[in-house]
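Remarks on the structure that follows.
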Amino acid sequence: MRMNIGGMRGRAGACFILPSVLGVFVFVIVPFLDVVRRSFFGAMNGTFVGLQNYASVLQNRAFQLAAGNTLRFMGVCMPLLLVLSLVVALALYGNPRCAGAFKTTFLVPMAVPIASVVLLWQALFHQNGLLNSMLDRLGGQPVAWMDSGAAFYVLVGSYIWKNLGYNVVLWLAGLAGISPSIYEAAAVDGAGAWTIFWRITLPNLLPSLFTITVLSFLNAFKVFREAYLVAGDYPHDSMYLLQHLFNNWFRELSMDKLAAGAVMTAGVILFLILLLRRAWETE
């Protein structure tokens with residue numbers, strides 16, 4: 001009887017999950033497999049060209065610039081975001097009375113529409129924006145924020161501002177999963193705050209760290225929306241990302257290069273996530 005109930009529950013669960021699996025297969029896996037196929041064929045004549053499209057993409061200067069900027073953006077943003085969000089989460093966790101109000105405050109940027117963020121960028125960083133007005137009053141020289149190397153750091157600040165609250169909530173969930181009895185035992189043994197952090201808090205946060213790192217990595221690709229709406233198809237070289245390049249190739253109908261670049265990008269992302277997962281499992 002128990003086996004029959006278990007079998008019925010298993011079939012019921014499969015029925016519930018089947019629409020989601022079919023949706024992923026039809027709208028994600030099949031189109032991606034078609035992109036992989038297109039990456040080995042010419043865009044105009046449809047003839048098989050092997051790895052020629054991949055070689056063309058790797059030798060493309062625009063791709064080299066976009067890939068370099070994207071890697072630089074990831075290397076700067078992700079460590080900053082992880083450290084800042086962890087510091088804020090630890091501060092809020094130690095003050096539960098203020099945690100509720102501050103969590104709401106940090107989550108507000110996620111609710112702000114992209115159009116409003118773009119208007120904020122324009123009001124702050126335009127040639128006649130608020131920041132340049134302040135510099136002018138202080139006797140400083142105006143800065144062409146979006147037409148200089150400063151554009152990259154504007155992009156970094158926007159990403160951290162947008163995603164800080166989300167990561168703080170995830171860190172707080174991880175902190176809440178650590179048993180208070182462990183901290184009590186450490187305090188009885190005379191462990192200091194720094195020792196408790198390195199020996200208890202951080203090791204117990206490793207599963208959360210993996211999840212937060214992967215989500216931060218994926219969210220980093222969404223910052224393109226603000227950059228595109230503010231600076232257009234061809235922004236300053238310092239903030240020209242892979243998404244700009246792919247968007248321009250799509251507009252030019254360079255489907256062969258677009259397909260090869262997309263496959264390589266997906267492969268790199270998958271490799272980094274699997275490598276990160278392997279490192280966490282080993283740890």
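Naming scheme: A, B, ... for chains in displayed order of the structure tokens; residues 1 onward per chain; ligands 1 onward as shown.
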
Nearby residues (only C-alpha atoms) at most 12 Å from region 88-96 of chain A, same-chain spacing under 4 positions excluded, as a PyMOL selection string
chain A and resi 81-84+100-104+106+164-178+193+197+201-202+205

Counting only C-alpha atoms, what is within 9 Å of region 133-150 of chain A, bar same-chain residues fewer than 3 positions away, as a PyMOL selection string?
chain A and resi 125-130+153-155+230-231+235-239

Fewer than 6 positions away in the same chain doesn't count, so skip those; otherwise give me all residues within 8 Å of Ala43 (chain A), counting only C-alpha atoms, as a list in words.
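Result of the neighbour search: Ser254, Met255 and Asp256 of chain A.
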
Quick check for you: according to DSSP on this backbone, which residues of region 18-105 of chain A are classed as helix (DSSP H, G or I)? Reply as a ChimeraX atom specification.
/A:18-38,52-59,61-93,96-105

Name all residues at most 6 Å from Leu241 (chain A) (count only C-alpha atoms; drop same-chain ones fewer than 5 positions away) and give them as a PyMOL selection string.
chain A and resi 66+69-70

Those residues with N, CA and C atoms, as a PDB file, in the first residue's frame please?
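Resulting contents of result03.pdb:
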ATOM      1  N   ALA A  66      35.306  43.978 -26.073  1.00  0.00           N
ATOM      2  CA  ALA A  66      34.114  43.681 -25.276  1.00  0.00           C
ATOM      3  C   ALA A  66      34.391  42.581 -24.251  1.00  0.00           C
ATOM      4  N   ASN A  69      36.592  44.047 -21.449  1.00  0.00           N
ATOM      5  CA  ASN A  69      35.814  44.911 -20.553  1.00  0.00           C
ATOM      6  C   ASN A  69      34.875  44.102 -19.668  1.00  0.00           C
ATOM      7  N   THR A  70      34.286  43.052 -20.226  1.00  0.00           N
ATOM      8  CA  THR A  70      33.376  42.224 -19.439  1.00  0.00           C
ATOM      9  C   THR A  70      34.120  41.503 -18.320  1.00  0.00           C
TER      10      THR A  70
END

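Restricting the calculation to only C-alpha atoms, the smallest distance between Leu71 (chain A) and any of A:Trp198, A:Phe221, A:Phe250, A:Tyr54 is found for A:Phe221.
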
What is the distance, in Å and to one decimal place, between CA of Arg61 (chain A) and CA of Val35 (chain A)?
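Between CA of Arg61 (chain A) and CA of Val35 (chain A) the gap works out to 22.4 Å.
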
8 Å contact set for Val36 (chain A), only C-alpha atoms, chain neighbours under 6 positions out, as a PyMOL selection string
chain A and resi 259-260+263

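What separates CA of Thr47 (chain A) from CA of Met264 (chain A) is a distance of 20.5 Å.
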
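With only C-alpha atoms as the basis for measurement, A:Ala67 is the residue among A:Ala67, A:Leu276, A:Ala111, A:Ala12 that approaches Leu242 (chain A) most closely.
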